[in-house]
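Contents: one structure, followed by commentary.
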Amino acid sequence: PDTFEEFAFNRRLAERLGPDSDARFELDYRMNIGVVAQAITPDEVTTRYSLNGTADFALKDRAGAVLTQGRVSSFTSYSTTGTTIATLSAEADARQRLAHMLADQVVTRLLAASDKLPT
């Protein structure tokens with residue numbers, strides 16, 4: 001992981017699936033997060049942002065063959081009406097929530113596909 005969101009995503013996957021030390025499969029992923037202004041005052045001050053995220057994933061066996069793949073998406077938002085510190089904290093919290101939501105959706109998709117995976 002290279003970003004805060006990727007670390008949060010990986011940490012959530014490990015919480016849900018367990019550590020990767022005994023992994024039989026490899027999970028490749030790519031996350032994208034976009035920021036969109038949601039609430040703008042008449043003075044053109046943004047008071048709320050939305051974070052829109054997607055995660056493309058592919059579960060592979062040890063030989064590199066793709067067993068299942070897909071894309072999940074979600075969104076969250078945060079307010080900018082507080083102090084600078086409050087706004088930065090709200091943004092970090094929203095980014096972590098989004099990463100967790102995406103990871104949870106990936107786990108749900110993997111569980112749904114688990115009956116088709118090799119044993």
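Following the order of the structure tokens, first chain is A, next is B, and so on, with residues numbered from 1 inside each chain and ligands from 1 in the order they appear.
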
Quick one: everything within 10 Å of stretch 79-94 of chain A, counting only C-alpha atoms, minus sequence neighbours fewer than 5 positions away in the same chain. Send it as a PyMOL selection string.
chain A and resi 4-5+38-39+45-51+99-100

Which neighbours of A:Leu98 fall inside 7 Å, counting only C-alpha atoms, when residues of the same chain fewer than 3 positions from it are skipped, and could you give them as a ChimeraX atom specification?
/A:74-76,94-95,101-102

Which is closest to A:Ala55 among A:Leu67, A:Arg109, A:Pro42, A:Arg11, if we use only C-alpha atoms?
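Ranking A:Leu67, A:Arg109, A:Pro42, A:Arg11 by distance to A:Ala55, first place goes to A:Arg109.
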
From the options A:Leu110, A:Ile40, A:Ser73, A:Arg97, which residue's atoms come nearest to A:Ala58, counting only C-alpha atoms?
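Of the candidates, the smallest distance to A:Ala58 is held by A:Leu110.
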
A:Thr108 proximity check over A:Arg71, A:Pro19, A:Ala37, A:Glu44, using only C-alpha atoms: winner is A:Arg71

Identify all residues of stretch 1-118 of chain A in helix (DSSP H, G or I) (DSSP on the backbone) and supply them as a PyMOL selection string.
chain A and resi 4-17+20-22+84-116

Just want the 8 Å neighbourhood of stretch 31-34 of chain A, counted on only C-alpha atoms, with same-chain residues fewer than 4 positions away dropped. Output as an mmCIF file with C-alpha atoms, in the first residue's frame.
```cif
data_model
loop_
_atom_site.group_PDB
_atom_site.id
_atom_site.type_symbol
_atom_site.label_atom_id
_atom_site.label_comp_id
_atom_site.auth_asym_id
_atom_site.auth_seq_id
_atom_site.Cartn_x
_atom_site.Cartn_y
_atom_site.Cartn_z
ATOM 1 C CA GLU A 6 -4.730 1.614 0.802
ATOM 2 C CA LEU A 51 -15.599 11.083 -1.578
ATOM 3 C CA ASN A 52 -16.514 8.656 -4.358
ATOM 4 C CA GLY A 53 -14.465 5.483 -4.489
ATOM 5 C CA THR A 54 -14.068 2.343 -6.536
ATOM 6 C CA ALA A 55 -11.920 -0.727 -6.064
ATOM 7 C CA ASP A 56 -11.164 -3.100 -8.931
#
```

Please provide as a PyMOL selection string all residues within 8 Å of A:Phe57, with the sequence filter that same-chain residues fewer than 2 positions apart are discarded (counting only C-alpha atoms).
chain A and resi 27-30+55+59+69-71+106

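Atom CA of A:Arg24 to atom CA of A:Val72 spans 22.6 Å [interatomic distance, one decimal].
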
At what distance in Å, to one decimal, does atom CA of A:Lys116 lie from atom CA of A:Phe9?
24.5 Å

Which residue, A:Glu15, A:Thr68, A:Lys60, A:Ser77, has the smallest gap to A:Ala112 when you use only C-alpha atoms?
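Closest to A:Ala112 of all the choices is A:Thr68.
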